[in-house]
Amino acid sequence: MKNEIKPLNEIRPLSEEEQKLCMKAAWRLIPLLGVAYFFNYLDRTSVGYAALQMSAQLGLGPAQFGLGAGIMFFGYCLCEVPSNLAMYRFGARLWLSRIMITWGCVAAMMVFVVGPWSFYSIRLLLGIAEAGFFPGVIYFLSIWFPVQFRTRVLAWFTVATPISFLVGGPLSTSLLQLHGFLGMDGWQWMFLIEGVPACLLGFVALRRLADRPEQANWLTEKEKVTFSRMMQIGGEGPSQSQHFRSVLKDVRVWLLSGITFSYTLGTYGVGIWLPQMLKAEGIETTTIGWIAAIPYFFSTLGLIFWARAVDKSGRGVMHLIAALLLAALALMLSLYLDSLVPALIGVTFALVGTLSAKTIFFTLPGKFLRGQAAAGGIALINALGAFGGFVGPFLMGVAKEMTHSFTAGMMLMGCIIMFAAFLAVILLIIMRPVNLEETQGGVSLGK
C-alpha cells in the first residue's frame, strides 16, 4: 500500500514546547557538526591560499593548479553514494566520525606534496576521504528535525561555509608566514595545522552523536515521544522507506543534480581563484586573506536571514530561483566595474546568492525521499553536484591560461549559475501541480 506525503499546506506549525525541544537538540548537535564542516570546507578552499606560495615552488601552471584543486571532487563524486549507503547501514554516528578522522589524516598528508603528480594524488585521496560527509549530515538532520524547523537548522550548519572563508583567509595567510620554521614551507604548516583538528573532532563525535532521537541518552522519555510525534507530521515516520532504485526514476532528482552541479561549478570557480585574483591586483599576501573574507562576512548574515524567510513562507523553490538569479546577475555586473571596491561588492552579492541557494536547496530532497532513498538520493544529488567543484576551478584555470585574464572565466561562471536558475524554474513547474504528494513507489513525472 502506498503512503502519501502530506502537502506542505497541511503541515501544522510547531508548538512552543516542540520549538524548545528542537532548539535543545540543535544546541547539542549543530555546534559539533558545524565546526567539523568548517574544517571540511577549510581543507577544500585553503588550497587557493597555499597556491600563493606553492604554485611557484612546485612549478604549477594555472591549468595544473586548477586540475589539482578540482580533482578532489572527482574522488568525492566517485565515493559519495557508496559512502552514504554505508552510513545508512552502519549508522550516522559511526560513519560521520570515520569520515572526519580519515579526511583529517589525508589533509595533513598535503605536507608531502613535491610536484604536480603528488599534488593530484593527495587531492584525489582527500575527495575520497571526505565523500559522504555533507549529504550524510543532511540525511542525519532530516531524521532529527521536522520539516518546519529544517531550513533554519540547515542554515546554522551550512553557515560554516562562509565562516570558513571569513576566518580561513586570514588564518591561512597567517600560517603561510611560518615559512622556514623547522625547515618546512609555510604552505606545509598551513595544511598540517588545518588538518589535525578534523581527526580530533571525529573522536568527539563518537561520544556526542546519536543516530536517532530515541537513542539519545540526553533526552527524557517524554521528549523522545514528542520527537516521534513531530517526525510523523508530513508523513516522515519510520515506515515510509523507499528503495534507492526509485531515486533513479525520479526526474526531480536529476533536475536537482543539474542545479547543484551548475551553482557549485560557479561557486568554486570563483572562490578558489579569488585569492589569486586579488594578488593580480598587486595586493600583499597577508592583506589578501582579510579582503577575501569581506564577501563571506556578509554572506553569513544573508544566509541566516534568508533561511528564516524560507521557513516562514515555505516556498523553497521560489527562494532558490531568487538566490541563483541574484548570484548570476551580481557576478556578471562585477565584471563591468573598474574599481576594486565596487567589484568586490558585486562578488559579495554573488556569494550571498550561491551560499543561500545551497542552504535552501538541500531542504528539497527530504520532502519527497525517505529511508534508504533519502540517504542514497541526497548523496547522488550532492555527488553529481560536487563534480561542478572539479570542473569550475579547472575551467577558470584554462580560461586564465588562454586569455591571461580572469574576465572570461568569471563571465562563464555567471552564465552557468544563470542556467541553474533556469533549471530551478523547470523544477518549480513540475513540483507545483503535484504539491509534493508523490508516493514512495517512485516518480513518474517524466510522463
# chains A, B, ... in the order shown; residues from 1 in each chain; ligands from 1

$ residues_around --residues "Leu427 (chain A)" --least-positions-apart "2" --cutoff "9 Å" --atoms "only C-alpha atoms" --output "PyMOL selection string"
chain A and resi 252+255-256+317+422-425+429-432

$ residues_around --residues "region 80-94 of chain A" --least-positions-apart "4" --cutoff "7 Å" --atoms "only C-alpha atoms" --output "ChimeraX atom specification"
/A:76,98,131-132,136,140,205-206,209-211,372,375-376,379-380,383

$ closest_residue --among "A:Gln215, A:Ile138, A:Ser228, A:Leu200" --to "Phe157 (chain A)" --atoms "only C-alpha atoms"
A:Ile138

$ atom_distance --atom1 "CA of Leu324 (chain A)" --atom2 "CA of Val35 (chain A)"
26.4 Å

$ residues_around --residues "Phe112 (chain A)" --least-positions-apart "5" --cutoff "9 Å" --atoms "only C-alpha atoms" --output "list of chain:residue names"
A:Ser118, A:Phe119, A:Ile122, A:Gln188

$ write_last_selection --atoms "C-alpha atoms" --output "PDB file, in the first residue's frame"
ATOM      1  CA  SER A 118      51.765  14.048  -5.838  1.00  0.00           C
ATOM      2  CA  PHE A 119      49.524  17.144  -5.690  1.00  0.00           C
ATOM      3  CA  ILE A 122      46.678  13.521  -2.437  1.00  0.00           C
ATOM      4  CA  GLN A 188      53.082  22.824   4.521  1.00  0.00           C
TER       5      GLN A 188
END

$ select_by_dssp --residues "region 90-260 of chain A" --states "alpha helix (DSSP H)" --output "PyMOL selection string"
chain A and resi 90+92-108+116-130+133-144+147-158+160-175+186-208+221-232+245-248+251-260

$ closest_residue --among "A:Ile417, A:Met190, A:Ala107, A:Leu182" --to "Leu329 (chain A)" --atoms "only C-alpha atoms"
A:Ile417

$ closest_residue --among "A:Gly409, A:Thr151, A:Glu17, A:Ala108" --to "Trp187 (chain A)" --atoms "only C-alpha atoms"
A:Ala108

$ closest_atom_pairs --of "region 160-256 of chain A" --to "region 277-297 of chain A" --cutoff "6 Å" --atoms "only C-alpha atoms" --output "CSV"
residue,atom,partner,partner_atom,distance
A:Pro162,CA,A:Tyr296,CA,4.8
A:Phe165,CA,A:Ala293,CA,5.9
A:Leu166,CA,A:Ala293,CA,4.2
A:Gly169,CA,A:Gly289,CA,4.0
A:Pro170,CA,A:Gly289,CA,4.3
A:Thr173,CA,A:Thr286,CA,5.4

$ residues_around --residues "Leu344 (chain A)" --least-positions-apart "4" --cutoff "8 Å" --atoms "only C-alpha atoms" --output "list in words"
Pro295, Ser334, Leu340 and Thr348 of chain A

$ closest_residue --among "A:Met411, A:Val159, A:Gly385, A:Phe181" --to "Ala307 (chain A)" --atoms "only C-alpha atoms"
A:Val159

$ residues_around --residues "Gly388 (chain A)" --least-positions-apart "6" --cutoff "7 Å" --atoms "only C-alpha atoms" --output "list in words"
Phe261, Ser262, Thr264 and Leu265 of chain A

$ write_last_selection --atoms "C-alpha atoms" --output "PDB file, in the first residue's frame"
ATOM      1  CA  PHE A 261      26.231  20.985 -10.370  1.00  0.00           C
ATOM      2  CA  SER A 262      25.797  24.388 -12.015  1.00  0.00           C
ATOM      3  CA  THR A 264      28.695  24.557  -7.330  1.00  0.00           C
ATOM      4  CA  LEU A 265      30.746  24.967 -10.512  1.00  0.00           C
TER       5      LEU A 265
END

$ closest_residue --among "A:Pro275, A:Gly414, A:Gly377, A:Gly186" --to "Ala330 (chain A)" --atoms "only C-alpha atoms"
A:Gly414

$ residues_around --residues "Val352 (chain A)" --least-positions-apart "2" --cutoff "7 Å" --atoms "only C-alpha atoms" --output "NGL selection string"
:A and (299 or 302-303 or 348-350 or 354-356)

$ atom_distance --atom1 "CA of Ser257 (chain A)" --atom2 "CA of Lys358 (chain A)"
12.1 Å

$ closest_residue --among "A:Leu154, A:Met332, A:Ala323, A:Trp189" --to "Phe134 (chain A)" --atoms "only C-alpha atoms"
A:Leu154

$ atom_distance --atom1 "CA of Pro116 (chain A)" --atom2 "CA of Ala36 (chain A)"
28.5 Å
